[in-house]
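J.: Next comes the structure file final.pdb, holding PDB, C-alpha atoms.
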ATOM      1  CA  MET Z  10      48.439  -9.870  93.475
ATOM      2  CA  SER Z  11      46.331 -12.855  92.525
ATOM      3  CA  ALA Z  12      47.077 -16.327  93.850
ATOM      4  CA  PHE Z  13      47.759 -17.619  90.331
ATOM      5  CA  LYS Z  14      50.380 -14.918  89.752
ATOM      6  CA  LYS Z  15      52.102 -15.696  93.068
ATOM      7  CA  HIS Z  16      52.230 -19.390  92.228
ATOM      8  CA  LEU Z  17      53.528 -18.695  88.722
ATOM      9  CA  ILE Z  18      56.249 -16.325  89.955
ATOM     10  CA  THR Z  19      57.277 -18.842  92.625
ATOM     11  CA  LEU Z  20      57.392 -21.615  90.031
ATOM     12  CA  LEU Z  21      59.625 -19.506  87.792
ATOM     13  CA  ALA Z  22      61.864 -18.668  90.765
ATOM     14  CA  GLY Z  23      62.139 -22.379  91.575
ATOM     15  CA  LEU Z  24      63.099 -23.137  87.992
ATOM     16  CA  LEU Z  25      65.733 -20.392  88.104
ATOM     17  CA  ILE Z  26      67.098 -21.926  91.311
ATOM     18  CA  ALA Z  27      67.199 -25.382  89.734
ATOM     19  CA  LEU Z  28      68.611 -24.270  86.362
ATOM     20  CA  PRO Z  29      72.297 -24.046  87.401
ATOM     21  CA  VAL Z  30      72.099 -27.548  88.875
ATOM     22  CA  PHE Z  31      70.403 -28.802  85.709
ATOM     23  CA  ILE Z  32      73.224 -27.317  83.638
ATOM     24  CA  LYS Z  33      76.009 -28.542  85.939
ATOM     25  CA  ASP Z  34      74.654 -32.094  86.126
ATOM     26  CA  GLY Z  35      73.995 -32.248  82.378
ATOM     27  CA  LEU Z  36      70.197 -32.501  82.271
ATOM     28  CA  PHE Z  37      70.029 -31.078  78.753
ATOM     29  CA  ARG Z  38      72.809 -33.277  77.371
ATOM     30  CA  ALA Z  39      72.114 -36.470  79.286
ATOM     31  CA  ASP Z  40      72.949 -39.545  77.252
ATOM     32  CA  THR Z  41      71.333 -42.025  79.642
ATOM     33  CA  ALA Z  42      68.087 -42.050  81.578
ATOM     34  CA  GLN Z  43      70.016 -42.334  84.841
ATOM     35  CA  ARG Z  44      71.934 -39.087  84.227
ATOM     36  CA  PHE Z  45      68.711 -37.336  83.265
ATOM     37  CA  TYR Z  46      66.848 -38.458  86.398
ATOM     38  CA  LYS Z  47      69.837 -37.667  88.627
ATOM     39  CA  ALA Z  48      70.115 -34.114  87.289
ATOM     40  CA  LEU Z  49      66.345 -33.619  87.505
ATOM     41  CA  SER Z  50      66.298 -34.907  91.077
ATOM     42  CA  ASN Z  51      69.219 -32.755  92.223
ATOM     43  CA  GLY Z  52      67.879 -29.525  90.735
ATOM     44  CA  CYS Z  53      64.322 -30.007  91.929
ATOM     45  CA  PHE Z  54      65.471 -31.006  95.404
ATOM     46  CA  LEU Z  55      67.529 -27.825  95.761
ATOM     47  CA  ALA Z  56      64.570 -25.689  94.680
ATOM     48  CA  ALA Z  57      62.258 -27.609  97.030
ATOM     49  CA  VAL Z  58      64.534 -27.182 100.046
ATOM     50  CA  LEU Z  59      64.963 -23.452  99.468
ATOM     51  CA  LEU Z  60      61.282 -22.740  98.799
ATOM     52  CA  LEU Z  61      60.035 -24.894 101.672
ATOM     53  CA  GLY Z  62      62.689 -23.416 103.972
ATOM     54  CA  VAL Z  63      61.592 -19.859 103.229
ATOM     55  CA  GLY Z  64      57.954 -20.933 103.584
ATOM     56  CA  PHE Z  65      58.562 -22.488 107.008
ATOM     57  CA  LEU Z  66      60.559 -19.456 108.162
ATOM     58  CA  THR Z  67      57.677 -17.210 107.093
ATOM     59  CA  LEU Z  68      55.255 -19.469 108.966
ATOM     60  CA  VAL Z  69      57.363 -19.222 112.132
ATOM     61  CA  SER Z  70      57.804 -15.488 111.642
ATOM     62  CA  ASN Z  71      54.031 -15.038 111.518
ATOM     63  CA  THR Z  72      53.828 -16.376 115.077
ATOM     64  CA  GLY Z  73      55.942 -13.423 116.292
ATOM     65  CA  PHE Z  74      58.978 -15.542 117.137
ATOM     66  CA  PHE Z  75      61.440 -13.135 115.509
ATOM     67  CA  ASN Z  76      59.807  -9.863 116.615
ATOM     68  CA  ALA Z  77      62.268  -9.229 119.465
ATOM     69  CA  PHE Z  78      65.209  -9.609 117.074
ATOM     70  CA  ARG Z  79      63.530  -7.346 114.534
ATOM     71  CA  TYR Z  80      62.855  -4.702 117.160
ATOM     72  CA  ASN Z  81      66.480  -4.737 118.302
ATOM     73  CA  LEU Z  82      67.733  -4.331 114.727
ATOM     74  CA  TYR Z  83      65.147  -1.617 114.115
ATOM     75  CA  SER Z  84      66.340   0.260 117.220
ATOM     76  CA  ILE Z  85      70.002  -0.054 116.273
ATOM     77  CA  PHE Z  86      69.516   1.140 112.695
ATOM     78  CA  ARG Z  87      67.097   3.867 113.781
ATOM     79  CA  GLY Z  88      69.834   5.302 115.993
ATOM     80  CA  MET Z  89      72.349   5.350 113.140
ATOM     81  CA  THR Z  90      70.474   7.807 110.936
ATOM     82  CA  LYS Z  91      69.698  11.485 111.557
ATOM     83  CA  LYS Z  92      66.101  11.023 110.529
ATOM     84  CA  GLY Z  93      65.737   8.029 112.860
ATOM     85  CA  ARG Z  94      67.242   9.826 115.864
ATOM     86  CA  SER Z  95      64.843  12.746 115.463
ATOM     87  CA  ALA Z  96      61.787  10.504 115.048
ATOM     88  CA  PRO Z  97      59.850   9.521 118.156
ATOM     89  CA  LYS Z  98      60.839   6.168 119.615
ATOM     90  CA  VAL Z  99      58.447   3.298 118.972
ATOM     91  CA  ALA Z 100      57.763   1.061 121.965
ATOM     92  CA  PHE Z 101      58.171  -2.695 121.577
ATOM     93  CA  TYR Z 102      54.458  -3.244 122.223
ATOM     94  CA  GLU Z 103      53.480  -0.937 119.331
ATOM     95  CA  PHE Z 104      56.141  -2.472 117.097
ATOM     96  CA  ASN Z 105      54.882  -5.966 117.955
ATOM     97  CA  GLN Z 106      51.250  -5.026 117.279
ATOM     98  CA  GLU Z 107      52.170  -3.596 113.875
ATOM     99  CA  LYS Z 108      54.082  -6.763 112.938
ATOM    100  CA  ARG Z 109      51.130  -8.923 114.002
ATOM    101  CA  ARG Z 110      48.845  -6.940 111.689
ATOM    102  CA  ARG Z 111      51.149  -7.499 108.686
ATOM    103  CA  LYS Z 112      51.605 -11.223 108.313
ATOM    104  CA  GLY Z 113      53.550 -12.720 105.431
ATOM    105  CA  ARG Z 114      51.927 -15.012 102.904
ATOM    106  CA  PHE Z 115      53.562 -18.382 102.539
ATOM    107  CA  SER Z 116      51.087 -20.840 100.985
ATOM    108  CA  HIS Z 117      52.455 -20.338  97.466
ATOM    109  CA  LEU Z 118      55.954 -21.175  98.716
ATOM    110  CA  MET Z 119      54.730 -24.347 100.404
ATOM    111  CA  VAL Z 120      52.651 -25.515  97.431
ATOM    112  CA  ILE Z 121      55.329 -24.950  94.795
ATOM    113  CA  GLY Z 122      58.088 -26.213  97.111
ATOM    114  CA  SER Z 123      56.089 -29.394  97.697
ATOM    115  CA  LEU Z 124      55.599 -29.762  93.951
ATOM    116  CA  PHE Z 125      59.363 -29.540  93.384
ATOM    117  CA  PHE Z 126      59.890 -32.044  96.202
ATOM    118  CA  LEU Z 127      57.452 -34.504  94.617
ATOM    119  CA  VAL Z 128      59.186 -34.171  91.242
ATOM    120  CA  ALA Z 129      62.568 -34.721  92.935
ATOM    121  CA  LEU Z 130      61.215 -37.754  94.795
ATOM    122  CA  GLY Z 131      59.766 -39.208  91.595
ATOM    123  CA  ALA Z 132      63.009 -38.609  89.705
ATOM    124  CA  THR Z 133      64.982 -40.267  92.506
ATOM    125  CA  LEU Z 134      62.742 -43.332  92.436
ATOM    126  CA  LEU Z 135      63.066 -43.533  88.659
ATOM    127  CA  PHE Z 136      66.845 -43.113  88.959
ATOM    128  CA  GLU Z 137      66.991 -46.043  91.371
ATOM    129  CA  THR Z 138      64.820 -48.322  89.210
ATOM    130  CA  VAL Z 139      66.460 -47.622  85.845
TER     131      VAL Z 139
END
Since I need it in another form, could you write the structure as structure tokens?

T.:
Amino acid sequence: MSAFKKHLITLLAGLLIALPVFIKDGLFRADTAQRFYKALSNGCFLAAVLLLGVGFLTLVSNTGFFNAFRYNLYSIFRGMTKKGRSAPKVAFYEFNQEKRRRKGRFSHLMVIGSLFFLVALGATLLFETV
């Protein structure tokens, strides 16, 4: 998938995250500038926190920090299925090497999350000055 598509999909996801807050706080029916900026700030801040949080967790996950937890869950769920019990057991070293080869992408989350944060910060400053 191209970088533009990832950014666009992440932007749309951020807007979907912010939309319920926009509706609840009355962004679309705001009668004053303060209500508009407050609703804009709240919705964009929620989207920013969620996107940046997932981005930072992906960044930490790429370092291998969660691999031991993943391996334990993999082993538990492998033992619960017939197909998993009959399959050969994967050693932690092999599991860890496979996870290191497949790293998650997170730059689109950080870029769009930062964009939402900047919009929320700007809306907050405008809310305070109006």

J.: Which of these, Z:Ser116, Z:Leu24, Z:Thr72, Z:Ser84, has the shortest distance to Ala56 (chain Z) once you count all atoms listed in the file?

T.: Z:Leu24

J.: Enclose region 32-39 of chain Z, meaning all of its atoms listed in the file, in a box aligned along x, y and z, pad it by 5 Å on each side, and list the centre and edge lengths in Å to one decimal, as AutoDock Vina command-line options.

T.:
--center_x 73.0 --center_y -31.9 --center_z 81.7 --size_x 16.0 --size_y 19.2 --size_z 18.8

J.: Given all atoms listed in the file, how would the per-residue table for region 51-80 of chain Z near region 28-37 of chain Z read, listing every residue at most 9 Å away with its closest atom pair and distance in Å to one decimal, sorted by chain and number, as JSON lines?

T.:
{"residue": "Z:Asn51", "atom": "CA", "partner": "Z:Val30", "partner_atom": "CA", "distance": 6.8}
{"residue": "Z:Gly52", "atom": "CA", "partner": "Z:Val30", "partner_atom": "CA", "distance": 5.0}
{"residue": "Z:Cys53", "atom": "CA", "partner": "Z:Val30", "partner_atom": "CA", "distance": 8.7}
{"residue": "Z:Leu55", "atom": "CA", "partner": "Z:Val30", "partner_atom": "CA", "distance": 8.3}

J.: Name the residues in contact with region 123-128 of chain Z at a cut-off of 10 Å, using only C-alpha atoms, excluding same-chain residues fewer than 5 positions from it; report them as a list in words.

T.: Leu20, Gly23, Leu24, Ala27, Leu49, Ser50, Gly52, Cys53, Phe54, Leu55, Ala56, Ala57, Val58, Leu60, Leu61, His117, Leu118, Thr133 and Leu134 of chain Z

J.: My list of candidates is Z:Arg109, Z:Arg114, Z:Ala129, Z:Val69. Which is closest to Ser11 (chain Z) when distances are computed with only C-alpha atoms?

T.: Z:Arg114

J.: State, in Å with one decimal place, the distance from CA of Phe65 (chain Z) to CA of Gln106 (chain Z).

T.: 21.5 Å

J.: Taking N, CA and C atoms as the atom set, what does region 103-116 of chain Z look like once completed, written as a PDB file, keeping the file's coordinate frame?

T.:
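Generated file (out.pdb):
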ATOM      1  N   GLU Z 103      54.032  -1.482 120.582  1.00  0.00           N
ATOM      2  CA  GLU Z 103      53.480  -0.937 119.331  1.00  0.00           C
ATOM      3  C   GLU Z 103      54.111  -1.608 118.116  1.00  0.00           C
ATOM      4  N   PHE Z 104      55.423  -1.803 118.182  1.00  0.00           N
ATOM      5  CA  PHE Z 104      56.141  -2.472 117.097  1.00  0.00           C
ATOM      6  C   PHE Z 104      55.589  -3.885 116.901  1.00  0.00           C
ATOM      7  N   ASN Z 105      55.392  -4.594 117.992  1.00  0.00           N
ATOM      8  CA  ASN Z 105      54.882  -5.966 117.955  1.00  0.00           C
ATOM      9  C   ASN Z 105      53.460  -6.012 117.387  1.00  0.00           C
ATOM     10  N   GLN Z 106      52.625  -5.059 117.790  1.00  0.00           N
ATOM     11  CA  GLN Z 106      51.250  -5.026 117.279  1.00  0.00           C
ATOM     12  C   GLN Z 106      51.223  -4.762 115.773  1.00  0.00           C
ATOM     13  N   GLU Z 107      52.100  -3.878 115.315  1.00  0.00           N
ATOM     14  CA  GLU Z 107      52.170  -3.596 113.875  1.00  0.00           C
ATOM     15  C   GLU Z 107      52.626  -4.825 113.093  1.00  0.00           C
ATOM     16  N   LYS Z 108      53.606  -5.552 113.616  1.00  0.00           N
ATOM     17  CA  LYS Z 108      54.082  -6.763 112.938  1.00  0.00           C
ATOM     18  C   LYS Z 108      53.004  -7.842 112.929  1.00  0.00           C
ATOM     19  N   ARG Z 109      52.205  -7.919 113.971  1.00  0.00           N
ATOM     20  CA  ARG Z 109      51.130  -8.923 114.002  1.00  0.00           C
ATOM     21  C   ARG Z 109      50.043  -8.618 112.983  1.00  0.00           C
ATOM     22  N   ARG Z 110      49.851  -7.315 112.695  1.00  0.00           N
ATOM     23  CA  ARG Z 110      48.845  -6.940 111.689  1.00  0.00           C
ATOM     24  C   ARG Z 110      49.308  -7.313 110.276  1.00  0.00           C
ATOM     25  N   ARG Z 111      50.620  -7.237 110.030  1.00  0.00           N
ATOM     26  CA  ARG Z 111      51.149  -7.499 108.686  1.00  0.00           C
ATOM     27  C   ARG Z 111      51.828  -8.860 108.667  1.00  0.00           C
ATOM     28  N   LYS Z 112      51.062  -9.867 108.367  1.00  0.00           N
ATOM     29  CA  LYS Z 112      51.605 -11.223 108.313  1.00  0.00           C
ATOM     30  C   LYS Z 112      51.994 -11.561 106.874  1.00  0.00           C
ATOM     31  N   GLY Z 113      53.075 -12.322 106.747  1.00  0.00           N
ATOM     32  CA  GLY Z 113      53.550 -12.720 105.431  1.00  0.00           C
ATOM     33  C   GLY Z 113      52.743 -13.884 104.873  1.00  0.00           C
ATOM     34  N   ARG Z 114      52.602 -13.906 103.589  1.00  0.00           N
ATOM     35  CA  ARG Z 114      51.927 -15.012 102.904  1.00  0.00           C
ATOM     36  C   ARG Z 114      52.953 -16.083 102.576  1.00  0.00           C
ATOM     37  N   PHE Z 115      52.588 -17.319 102.762  1.00  0.00           N
ATOM     38  CA  PHE Z 115      53.562 -18.382 102.539  1.00  0.00           C
ATOM     39  C   PHE Z 115      52.981 -19.595 101.828  1.00  0.00           C
ATOM     40  N   SER Z 116      51.687 -19.635 101.570  1.00  0.00           N
ATOM     41  CA  SER Z 116      51.087 -20.840 100.985  1.00  0.00           C
ATOM     42  C   SER Z 116      51.647 -21.132  99.594  1.00  0.00           C
TER      43      SER Z 116
END
